[in-house]
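The structure appears below as C-alpha coordinates.
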Amino acid sequence: MGKTREVSALPEPGWSAWQPLVGLPPLSAQVLAETLDGGQAFRWQRESDGCFLGVWADHLARIRRSATGQAEWSAPAPLAPRVAPALHTYLGLDRNFPDLTDSLPWRSDAHLATCLAAFPGLRILRQPFGETLLGFLCSATKQIVQIKQMMALLAARHGTEILPGIHRLPSWPELATVPEATLRACLLGFRARYIAQTAQFLAAHPGWLEETETLPYAAAKERLCSLPGVGEKVADCVLLFGAGRLEAFPVDVWIIKTMELRYGLTGWKPAQIAHFGRTHFGPLAGLAQQFLFSSERSLRG
DNA sequence: ATCCAGGTATGCA
DNA sequence: TGCATACCTGGA
(Lines give C-alpha, C1' and ligand atoms only; values in the text may rest on other atoms or scores of the structure.)
Protein backbone atom coordinates (compact mmCIF):
# COMPACT_ATOMS: atom_id res chain seq x y z
CA MET A 1 0.00 0.00 0.00
CA GLY A 2 1.08 3.55 -0.53
CA LYS A 3 2.71 2.38 -3.69
CA THR A 4 1.62 4.17 -6.83
CA ARG A 5 -0.51 2.12 -9.12
CA GLU A 6 -0.95 2.41 -12.82
CA VAL A 7 -4.32 3.88 -13.51
CA SER A 8 -5.18 2.42 -16.85
CA ALA A 9 -8.03 4.13 -18.59
CA LEU A 10 -7.58 2.05 -21.69
CA PRO A 11 -7.81 -1.73 -21.74
CA GLU A 12 -4.50 -3.48 -22.09
CA PRO A 13 -4.15 -5.66 -25.16
CA GLY A 14 -6.18 -8.82 -24.74
CA TRP A 15 -7.87 -7.76 -21.52
CA SER A 16 -11.33 -6.33 -21.07
CA ALA A 17 -11.64 -2.84 -19.65
CA TRP A 18 -11.78 -2.56 -15.85
CA GLN A 19 -15.38 -2.55 -14.69
CA PRO A 20 -16.83 -1.97 -11.23
CA LEU A 21 -18.11 -5.00 -9.34
CA VAL A 22 -21.64 -3.76 -8.92
CA GLY A 23 -23.12 -4.88 -5.63
CA LEU A 24 -19.79 -5.09 -3.85
CA PRO A 25 -19.47 -2.30 -1.26
CA PRO A 26 -16.19 -0.34 -1.09
CA LEU A 27 -13.46 -2.37 0.59
CA SER A 28 -10.15 -1.61 2.21
CA ALA A 29 -7.08 -3.17 0.64
CA GLN A 30 -6.76 -5.40 3.69
CA VAL A 31 -10.31 -6.70 3.44
CA LEU A 32 -10.00 -7.39 -0.27
CA ALA A 33 -6.79 -9.29 0.36
CA GLU A 34 -8.32 -11.18 3.25
CA THR A 35 -11.35 -12.12 1.17
CA LEU A 36 -9.47 -13.44 -1.84
CA ASP A 37 -6.19 -14.55 -0.32
CA GLY A 38 -6.90 -15.11 3.35
CA GLY A 39 -7.44 -18.86 3.33
CA GLN A 40 -10.89 -19.34 1.81
CA ALA A 41 -9.39 -19.81 -1.64
CA PHE A 42 -5.92 -20.87 -2.68
CA ARG A 43 -5.62 -19.65 -6.25
CA TRP A 44 -5.31 -15.87 -6.01
CA GLN A 45 -1.98 -14.14 -6.29
CA ARG A 46 -0.89 -10.54 -6.05
CA GLU A 47 0.48 -9.13 -9.28
CA SER A 48 3.30 -6.59 -9.36
CA ASP A 49 0.83 -3.75 -9.95
CA GLY A 50 -1.10 -4.68 -6.80
CA CYS A 51 -4.13 -6.31 -8.37
CA PHE A 52 -5.13 -9.93 -7.69
CA LEU A 53 -5.10 -12.58 -10.38
CA GLY A 54 -7.26 -15.62 -9.78
CA VAL A 55 -8.35 -18.83 -11.46
CA TRP A 56 -11.43 -20.88 -10.60
CA ALA A 57 -13.03 -23.56 -12.77
CA ASP A 58 -12.18 -22.39 -16.30
CA HIS A 59 -12.38 -18.74 -15.35
CA LEU A 60 -9.58 -16.22 -15.00
CA ALA A 61 -9.94 -12.69 -13.71
CA ARG A 62 -8.09 -9.79 -12.18
CA ILE A 63 -9.53 -7.76 -9.32
CA ARG A 64 -8.31 -4.44 -7.96
CA ARG A 65 -9.55 -1.46 -5.95
CA SER A 66 -10.22 1.94 -7.40
CA ALA A 67 -9.10 5.04 -5.51
CA THR A 68 -12.44 5.07 -3.68
CA GLY A 69 -12.19 1.43 -2.68
CA GLN A 70 -14.65 0.21 -5.26
CA ALA A 71 -13.60 -3.22 -6.48
CA GLU A 72 -13.13 -3.61 -10.22
CA TRP A 73 -12.57 -6.59 -12.44
CA SER A 74 -11.02 -7.37 -15.79
CA ALA A 75 -10.65 -10.60 -17.71
CA PRO A 76 -9.06 -11.81 -20.92
CA ALA A 77 -11.36 -10.41 -23.60
CA PRO A 78 -12.53 -13.74 -25.02
CA LEU A 79 -13.40 -15.01 -21.54
CA ALA A 80 -14.98 -11.84 -20.21
CA PRO A 81 -18.59 -12.59 -21.20
CA ARG A 82 -18.53 -15.81 -19.18
CA VAL A 83 -16.40 -14.43 -16.37
CA ALA A 84 -18.90 -11.69 -15.54
CA PRO A 85 -21.70 -13.97 -14.30
CA ALA A 86 -19.17 -16.42 -12.84
CA LEU A 87 -17.65 -13.66 -10.73
CA HIS A 88 -21.09 -12.67 -9.56
CA THR A 89 -21.59 -16.15 -8.15
CA TYR A 90 -18.03 -16.56 -6.92
CA LEU A 91 -18.11 -13.35 -4.89
CA GLY A 92 -21.56 -14.07 -3.52
CA LEU A 93 -22.99 -10.89 -5.04
CA ASP A 94 -26.40 -12.52 -5.05
CA ARG A 95 -26.44 -12.28 -1.26
CA ASN A 96 -26.65 -9.23 0.94
CA PHE A 97 -23.62 -9.70 3.14
CA PRO A 98 -23.92 -6.35 4.90
CA ASP A 99 -27.39 -7.37 6.10
CA LEU A 100 -26.29 -10.91 6.93
CA THR A 101 -23.33 -9.55 8.89
CA ASP A 102 -25.52 -7.09 10.74
CA SER A 103 -27.76 -9.96 11.81
CA LEU A 104 -24.87 -11.60 13.68
CA PRO A 105 -25.09 -11.21 17.47
CA TRP A 106 -22.46 -8.47 17.65
CA ARG A 107 -24.67 -6.28 19.80
CA SER A 108 -24.33 -8.76 22.65
CA ASP A 109 -20.80 -9.93 21.85
CA ALA A 110 -18.13 -7.28 22.21
CA HIS A 111 -15.37 -9.38 20.71
CA LEU A 112 -17.43 -10.20 17.64
CA ALA A 113 -18.22 -6.50 17.30
CA THR A 114 -14.49 -5.75 17.31
CA CYS A 115 -13.85 -8.33 14.61
CA LEU A 116 -16.66 -7.02 12.39
CA ALA A 117 -15.27 -3.52 12.76
CA ALA A 118 -11.76 -4.72 11.92
CA PHE A 119 -12.78 -6.28 8.59
CA PRO A 120 -15.79 -4.33 7.30
CA GLY A 121 -17.15 -5.87 4.11
CA LEU A 122 -15.54 -9.28 4.57
CA ARG A 123 -17.60 -11.95 2.82
CA ILE A 124 -17.75 -15.66 2.17
CA LEU A 125 -16.81 -16.84 -1.32
CA ARG A 126 -18.89 -19.32 -3.27
CA GLN A 127 -16.24 -21.43 -4.96
CA PRO A 128 -16.71 -24.49 -7.18
CA PHE A 129 -17.58 -27.38 -4.87
CA GLY A 130 -15.10 -29.91 -6.22
CA GLU A 131 -12.20 -27.49 -6.21
CA THR A 132 -12.95 -26.49 -2.65
CA LEU A 133 -12.86 -30.13 -1.64
CA LEU A 134 -9.49 -30.53 -3.32
CA GLY A 135 -8.06 -27.46 -1.66
CA PHE A 136 -9.07 -28.40 1.85
CA LEU A 137 -8.02 -32.02 1.40
CA CYS A 138 -4.56 -30.50 1.05
CA SER A 139 -4.89 -28.24 4.06
CA ALA A 140 -4.10 -30.64 6.89
CA THR A 141 -1.22 -29.22 8.96
CA LYS A 142 -0.14 -26.92 6.17
CA GLN A 143 0.10 -23.16 5.98
CA ILE A 144 -1.77 -21.22 3.34
CA VAL A 145 1.39 -20.53 1.33
CA GLN A 146 2.11 -24.23 1.12
CA ILE A 147 -1.44 -25.12 0.16
CA LYS A 148 -1.29 -22.53 -2.62
CA GLN A 149 1.92 -24.09 -3.86
CA MET A 150 0.32 -27.54 -3.95
CA MET A 151 -2.66 -26.16 -5.88
CA ALA A 152 -0.37 -24.41 -8.34
CA LEU A 153 1.56 -27.61 -9.00
CA LEU A 154 -1.59 -29.69 -9.36
CA ALA A 155 -2.94 -27.19 -11.88
CA ALA A 156 0.31 -26.81 -13.81
CA ARG A 157 0.91 -30.55 -14.10
CA HIS A 158 -2.56 -32.05 -14.23
CA GLY A 159 -5.01 -29.32 -15.14
CA THR A 160 -6.22 -28.20 -18.55
CA GLU A 161 -4.53 -25.14 -20.00
CA ILE A 162 -7.24 -22.50 -20.40
CA LEU A 163 -4.90 -19.82 -21.77
CA PRO A 164 -1.19 -19.92 -22.57
CA GLY A 165 0.57 -20.53 -19.27
CA ILE A 166 -2.67 -20.60 -17.29
CA HIS A 167 -4.00 -23.92 -16.07
CA ARG A 168 -7.22 -24.71 -14.27
CA LEU A 169 -7.22 -27.25 -11.44
CA PRO A 170 -7.71 -30.86 -12.49
CA SER A 171 -11.26 -32.13 -12.18
CA TRP A 172 -11.95 -35.18 -10.00
CA PRO A 173 -12.28 -37.45 -13.06
CA GLU A 174 -8.90 -36.16 -14.20
CA LEU A 175 -7.40 -36.72 -10.75
CA ALA A 176 -8.66 -40.30 -10.83
CA THR A 177 -6.24 -41.00 -13.68
CA VAL A 178 -3.19 -39.74 -11.77
CA PRO A 179 -1.22 -42.31 -9.75
CA GLU A 180 -0.74 -41.55 -6.08
CA ALA A 181 3.02 -41.42 -6.49
CA THR A 182 2.66 -38.73 -9.14
CA LEU A 183 0.41 -36.73 -6.84
CA ARG A 184 3.00 -37.03 -4.11
CA ALA A 185 5.44 -35.26 -6.40
CA CYS A 186 3.20 -32.17 -6.16
CA LEU A 187 4.41 -31.69 -2.55
CA LEU A 188 1.24 -33.27 -1.20
CA GLY A 189 2.90 -35.67 1.22
CA PHE A 190 0.47 -38.00 2.98
CA ARG A 191 -2.41 -35.97 1.53
CA ALA A 192 -1.73 -37.60 -1.83
CA ARG A 193 -3.31 -40.82 -0.57
CA TYR A 194 -6.44 -38.99 0.54
CA ILE A 195 -6.79 -37.34 -2.85
CA ALA A 196 -6.10 -40.52 -4.79
CA GLN A 197 -8.62 -42.51 -2.74
CA THR A 198 -11.23 -39.78 -2.90
CA ALA A 199 -10.76 -39.55 -6.67
CA GLN A 200 -11.24 -43.32 -6.99
CA PHE A 201 -14.39 -43.22 -4.90
CA LEU A 202 -15.87 -40.32 -6.87
CA ALA A 203 -15.01 -42.04 -10.16
CA ALA A 204 -16.91 -45.10 -8.96
CA HIS A 205 -19.90 -43.00 -7.89
CA PRO A 206 -20.85 -40.60 -10.69
CA GLY A 207 -23.01 -37.70 -9.56
CA TRP A 208 -22.23 -38.32 -5.89
CA LEU A 209 -20.39 -35.05 -5.38
CA GLU A 210 -22.94 -32.98 -7.31
CA GLU A 211 -25.75 -34.50 -5.29
CA THR A 212 -23.89 -33.88 -2.05
CA GLU A 213 -23.74 -30.19 -2.84
CA THR A 214 -27.53 -30.03 -3.03
CA LEU A 215 -28.27 -31.94 0.19
CA PRO A 216 -29.23 -30.21 3.45
CA TYR A 217 -26.25 -29.20 5.58
CA ALA A 218 -26.25 -32.12 8.02
CA ALA A 219 -26.66 -34.77 5.32
CA ALA A 220 -24.06 -33.13 3.07
CA LYS A 221 -21.57 -32.95 5.92
CA GLU A 222 -22.11 -36.58 6.84
CA ARG A 223 -21.46 -37.65 3.27
CA LEU A 224 -18.33 -35.53 2.95
CA CYS A 225 -16.98 -36.96 6.19
CA SER A 226 -17.20 -40.44 4.68
CA LEU A 227 -14.49 -39.49 2.19
CA PRO A 228 -10.90 -40.43 3.06
CA GLY A 229 -9.09 -37.44 4.54
CA VAL A 230 -12.27 -35.49 5.18
CA GLY A 231 -13.13 -34.90 8.82
CA GLU A 232 -15.45 -32.36 10.40
CA LYS A 233 -13.19 -29.38 9.86
CA VAL A 234 -12.54 -30.02 6.18
CA ALA A 235 -16.19 -30.87 5.53
CA ASP A 236 -17.30 -27.60 7.12
CA CYS A 237 -14.78 -25.61 5.07
CA VAL A 238 -16.00 -27.24 1.87
CA LEU A 239 -19.63 -26.51 2.72
CA LEU A 240 -18.91 -22.95 3.85
CA PHE A 241 -16.56 -21.82 1.08
CA GLY A 242 -17.77 -24.14 -1.69
CA ALA A 243 -21.51 -24.38 -1.15
CA GLY A 244 -22.50 -21.18 0.59
CA ARG A 245 -23.68 -22.99 3.73
CA LEU A 246 -23.19 -20.20 6.22
CA GLU A 247 -24.25 -22.45 9.09
CA ALA A 248 -21.07 -24.50 8.68
CA PHE A 249 -18.67 -23.60 11.51
CA PRO A 250 -15.16 -24.97 10.85
CA VAL A 251 -13.17 -25.43 14.03
CA ASP A 252 -9.47 -25.13 13.30
CA VAL A 253 -6.51 -24.27 15.48
CA TRP A 254 -7.15 -20.54 15.07
CA ILE A 255 -10.75 -20.80 16.20
CA ILE A 256 -9.73 -22.98 19.13
CA LYS A 257 -7.19 -20.31 20.03
CA THR A 258 -9.78 -17.55 19.68
CA MET A 259 -12.34 -19.38 21.78
CA GLU A 260 -9.77 -19.90 24.49
CA LEU A 261 -8.35 -16.37 24.40
CA ARG A 262 -11.47 -14.29 23.76
CA TYR A 263 -14.29 -16.46 25.09
CA GLY A 264 -12.57 -18.23 27.96
CA LEU A 265 -13.27 -21.71 26.62
CA THR A 266 -10.03 -23.15 27.93
CA GLY A 267 -9.57 -26.85 27.40
CA TRP A 268 -12.68 -27.26 25.28
CA LYS A 269 -12.59 -29.95 22.62
CA PRO A 270 -13.31 -29.14 18.96
CA ALA A 271 -16.75 -30.77 19.08
CA GLN A 272 -17.68 -28.72 22.13
CA ILE A 273 -16.44 -25.53 20.49
CA ALA A 274 -18.46 -26.35 17.38
CA HIS A 275 -21.57 -26.71 19.50
CA PHE A 276 -20.85 -23.46 21.31
CA GLY A 277 -20.31 -21.70 17.98
CA ARG A 278 -23.57 -22.89 16.47
CA THR A 279 -25.63 -21.93 19.49
CA HIS A 280 -23.83 -18.68 20.28
CA PHE A 281 -23.48 -17.28 16.74
CA GLY A 282 -26.64 -18.77 15.27
CA PRO A 283 -27.55 -19.86 11.74
CA LEU A 284 -24.79 -17.73 10.16
CA ALA A 285 -22.08 -19.07 12.47
CA GLY A 286 -19.77 -19.65 9.52
CA LEU A 287 -19.83 -15.98 8.61
CA ALA A 288 -18.98 -15.07 12.19
CA GLN A 289 -16.20 -17.65 12.09
CA GLN A 290 -14.56 -15.90 9.16
CA PHE A 291 -14.42 -12.59 11.01
CA LEU A 292 -13.01 -14.28 14.11
CA PHE A 293 -10.49 -16.21 12.01
CA SER A 294 -9.28 -13.18 10.07
CA SER A 295 -8.98 -11.07 13.19
CA GLU A 296 -7.12 -13.65 15.23
CA ARG A 297 -4.75 -14.39 12.38
CA SER A 298 -3.98 -10.73 11.77
CA LEU A 299 -3.22 -10.19 15.46
CA ARG A 300 -0.80 -13.06 15.75
CA GLY A 301 1.04 -14.30 12.77
C1' DA B 1 19.53 -29.89 13.52
C1' DT B 2 14.88 -30.13 15.33
C1' DC B 3 10.35 -28.57 15.17
C1' DC B 4 6.18 -27.12 13.43
C1' DA B 5 2.35 -26.58 10.16
C1' DG B 6 -6.03 -24.52 8.68
C1' DG B 7 -6.24 -32.36 10.35
C1' DT B 8 -7.54 -37.17 9.96
C1' DA B 9 -7.34 -42.07 10.88
C1' DT B 10 -6.03 -45.55 13.84
C1' DG B 11 -4.85 -48.03 17.98
C1' DC B 12 -5.18 -48.70 22.69
C1' DA B 13 -7.04 -47.86 27.90
C1' DT C 1 -15.65 -42.02 24.69
C1' DG C 2 -11.16 -40.21 25.31
C1' DC C 3 -6.29 -39.30 24.46
C1' DA C 4 -1.80 -40.28 22.03
C1' DT C 5 0.59 -41.08 17.82
C1' DA C 6 1.71 -41.61 12.92
C1' DC C 7 1.34 -39.60 8.53
C1' DC C 8 4.94 -36.35 4.33
C1' DT C 9 8.01 -32.67 3.85
C1' DG C 10 9.47 -27.77 2.95
C1' DG C 11 10.89 -23.99 5.56
C1' DA C 12 12.05 -21.30 9.95
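Naming works like this for the C-alpha coordinates: A, B, ... for the chains as they're shown, residue 1 at the start of each chain, ligands 1 onward in shown order.
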
Subject >> chain B contacts on chain A, only C-alpha atoms (C1' of nucleotides), 8 Å, as a list in words >> reply: Gly39, Ser139, Ala140, Thr141, Lys142, Gln143, Ile144, Gly229, Val230, Gly231, Lys233, Val234, Asp252, Val253 and Trp254 of chain A

With 9 Å as the cut-off and only C-alpha atoms (C1' of nucleotides) counted, what is the closest atom pair between each nearby residue of chain A and chain C? Distances in Å to one decimal, ordered by chain and number, as a Markdown table.
| residue | atom | partner | partner_atom | distance |
| --- | --- | --- | --- | --- |
| A:Gln146 | CA | C:DG10 | C1' | 8.4 |
| A:Arg184 | CA | C:DC8 | C1' | 8.7 |
| A:Leu187 | CA | C:DT9 | C1' | 7.4 |
| A:Leu188 | CA | C:DC8 | C1' | 7.3 |
| A:Gly189 | CA | C:DC8 | C1' | 3.8 |
| A:Phe190 | CA | C:DC8 | C1' | 5.0 |
| A:Arg191 | CA | C:DC8 | C1' | 7.9 |

**OP:** Tell me which protein, DNA and RNA residues are within 9 Å of Ala288 in chain A, counting only C-alpha atoms (C1' of nucleotides), leaving out same-chain ones fewer than 6 positions away, and put them as a PyMOL selection string.
**Re:** chain A and resi 101+104-105+112+115-116+246+249+277+281

Suppose we keep N, CA and C atoms; can you now write the selection as a PDB file, in the first residue's frame?
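Below you can see result_32.pdb, which holds the result:
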ATOM      1  N   THR A 101     -24.311  -9.853   7.841  1.00  0.00           N
ATOM      2  CA  THR A 101     -23.334  -9.550   8.887  1.00  0.00           C
ATOM      3  C   THR A 101     -23.981  -8.797  10.038  1.00  0.00           C
ATOM      4  N   LEU A 104     -25.658 -10.833  12.708  1.00  0.00           N
ATOM      5  CA  LEU A 104     -24.867 -11.601  13.680  1.00  0.00           C
ATOM      6  C   LEU A 104     -25.020 -10.957  15.060  1.00  0.00           C
ATOM      7  N   PRO A 105     -24.830 -11.724  16.110  1.00  0.00           N
ATOM      8  CA  PRO A 105     -25.087 -11.206  17.467  1.00  0.00           C
ATOM      9  C   PRO A 105     -23.989 -10.297  18.010  1.00  0.00           C
ATOM     10  N   LEU A 112     -16.935 -10.092  19.012  1.00  0.00           N
ATOM     11  CA  LEU A 112     -17.426 -10.200  17.636  1.00  0.00           C
ATOM     12  C   LEU A 112     -17.563  -8.819  17.016  1.00  0.00           C
ATOM     13  N   CYS A 115     -14.279  -7.639  15.822  1.00  0.00           N
ATOM     14  CA  CYS A 115     -13.852  -8.333  14.607  1.00  0.00           C
ATOM     15  C   CYS A 115     -14.592  -7.807  13.377  1.00  0.00           C
ATOM     16  N   LEU A 116     -15.895  -7.552  13.513  1.00  0.00           N
ATOM     17  CA  LEU A 116     -16.663  -7.018  12.388  1.00  0.00           C
ATOM     18  C   LEU A 116     -16.128  -5.650  12.001  1.00  0.00           C
ATOM     19  N   LEU A 246     -23.740 -21.087   5.189  1.00  0.00           N
ATOM     20  CA  LEU A 246     -23.194 -20.200   6.223  1.00  0.00           C
ATOM     21  C   LEU A 246     -23.379 -20.746   7.630  1.00  0.00           C
ATOM     22  N   PHE A 249     -19.552 -24.298  10.560  1.00  0.00           N
ATOM     23  CA  PHE A 249     -18.666 -23.604  11.505  1.00  0.00           C
ATOM     24  C   PHE A 249     -17.376 -24.407  11.672  1.00  0.00           C
ATOM     25  N   GLY A 277     -20.244 -22.626  19.105  1.00  0.00           N
ATOM     26  CA  GLY A 277     -20.307 -21.699  17.980  1.00  0.00           C
ATOM     27  C   GLY A 277     -21.683 -21.662  17.344  1.00  0.00           C
ATOM     28  N   PHE A 281     -23.478 -18.170  17.911  1.00  0.00           N
ATOM     29  CA  PHE A 281     -23.479 -17.277  16.745  1.00  0.00           C
ATOM     30  C   PHE A 281     -24.705 -17.464  15.857  1.00  0.00           C
TER      31      PHE A 281
END

**OP:** Show which residues sit within 12 Å of Leu169 in chain A, as an NGL selection string. Count only C-alpha atoms (C1' of nucleotides), and ignore same-chain residues fewer than 3 positions away.
**Re:** :A and (42-43 or 54-60 or 128 or 130-135 or 148 or 150-162 or 166 or 172-175)

Original post:
Quick one: of A:Val178, A:Leu284, A:Ala61, A:Ala192, who's nearest to Trp18 in chain A, counting only C-alpha atoms?
Top reply: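 So, comparing all the options, the nearest one is A:Ala61.
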
Subject >> helix (DSSP H, G or I) per DSSP on the backbone: members of range 102-279 of chain A, as an MDAnalysis selection string >> reply: chainID A and resid 102 105:108 110:118 129:137 144:158 172:175 180:188 191:204 208:214 217:225 232:243 253:263 270:279

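The gap separating CA of Trp15 in chain A from CA of Ala67 in chain A is 20.5 Å, in Å to one decimal.
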
Subject >> Distance in Å - CA of Arg123 in chain A versus CA of Leu239 in chain A >> reply: 14.7 Å

**OP:** Just list the residues in range 45-236 of chain A DSSP gives strand (DSSP E) on the backbone, as a list of chain:residue names.
**Re:** A:Gln45, A:Arg46, A:Phe52, A:Leu53, A:Gly54, A:Val55, A:Trp56, A:His59, A:Leu60, A:Ala61, A:Arg62, A:Ile63, A:Arg64, A:Arg65, A:Ala71, A:Glu72, A:Trp73, A:Ser74, A:Glu161, A:Ile162, A:Leu163, A:Ile166, A:His167

Subject >> Atomic distance CA of Leu100 in chain A - CA of Ala33 in chain A, expressed in Å with one decimal >> reply: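 Interatomic distance here is 20.6 Å.
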
Subject >> Neighbour list for Arg46 in chain A as a list in words, cut-off 12 Å, only C-alpha atoms (C1' of nucleotides), skip fewer than 5 positions in-chain >> reply: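 That gives Ala29, Leu32, Ala33, Glu34, Leu36, Asp37, Cys51, Phe52, Leu53, Gly54, Arg62, Ile63 and Arg64 of chain A.
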
Please write the residues from the selection above to a file, keeping N, CA and C atoms, as a CSV table (one decimal), in the first residue's frame.
chain,number,residue,atom,x,y,z
A,29,ALA,N,-8.0,-2.2,1.3
A,29,ALA,CA,-7.1,-3.2,0.6
A,29,ALA,C,-6.9,-4.4,1.5
A,32,LEU,N,-10.0,-6.7,1.0
A,32,LEU,CA,-10.0,-7.4,-0.3
A,32,LEU,C,-9.0,-8.5,-0.3
A,33,ALA,N,-7.8,-8.3,0.3
A,33,ALA,CA,-6.8,-9.3,0.4
A,33,ALA,C,-7.2,-10.5,1.2
A,34,GLU,N,-7.9,-10.1,2.3
A,34,GLU,CA,-8.3,-11.2,3.3
A,34,GLU,C,-9.4,-12.0,2.6
A,36,LEU,N,-9.9,-12.6,-0.7
A,36,LEU,CA,-9.5,-13.4,-1.8
A,36,LEU,C,-8.3,-14.4,-1.5
A,37,ASP,N,-7.5,-13.9,-0.6
A,37,ASP,CA,-6.2,-14.5,-0.3
A,37,ASP,C,-6.0,-14.8,1.2
A,51,CYS,N,-2.8,-5.7,-8.2
A,51,CYS,CA,-4.1,-6.3,-8.4
A,51,CYS,C,-4.0,-7.8,-8.1
A,52,PHE,N,-5.1,-8.5,-7.9
A,52,PHE,CA,-5.1,-9.9,-7.7
A,52,PHE,C,-5.5,-10.6,-9.0
A,53,LEU,N,-4.8,-11.7,-9.2
A,53,LEU,CA,-5.1,-12.6,-10.4
A,53,LEU,C,-5.6,-13.9,-9.9
A,54,GLY,N,-6.7,-14.4,-10.3
A,54,GLY,CA,-7.3,-15.6,-9.8
A,54,GLY,C,-7.8,-16.5,-10.8
A,62,ARG,N,-8.9,-10.7,-13.1
A,62,ARG,CA,-8.1,-9.8,-12.2
A,62,ARG,C,-9.1,-8.9,-11.4
A,63,ILE,N,-8.7,-8.6,-10.2
A,63,ILE,CA,-9.5,-7.8,-9.3
A,63,ILE,C,-8.6,-6.7,-8.7
A,64,ARG,N,-9.1,-5.5,-8.6
A,64,ARG,CA,-8.3,-4.4,-8.0
A,64,ARG,C,-9.3,-3.5,-7.3
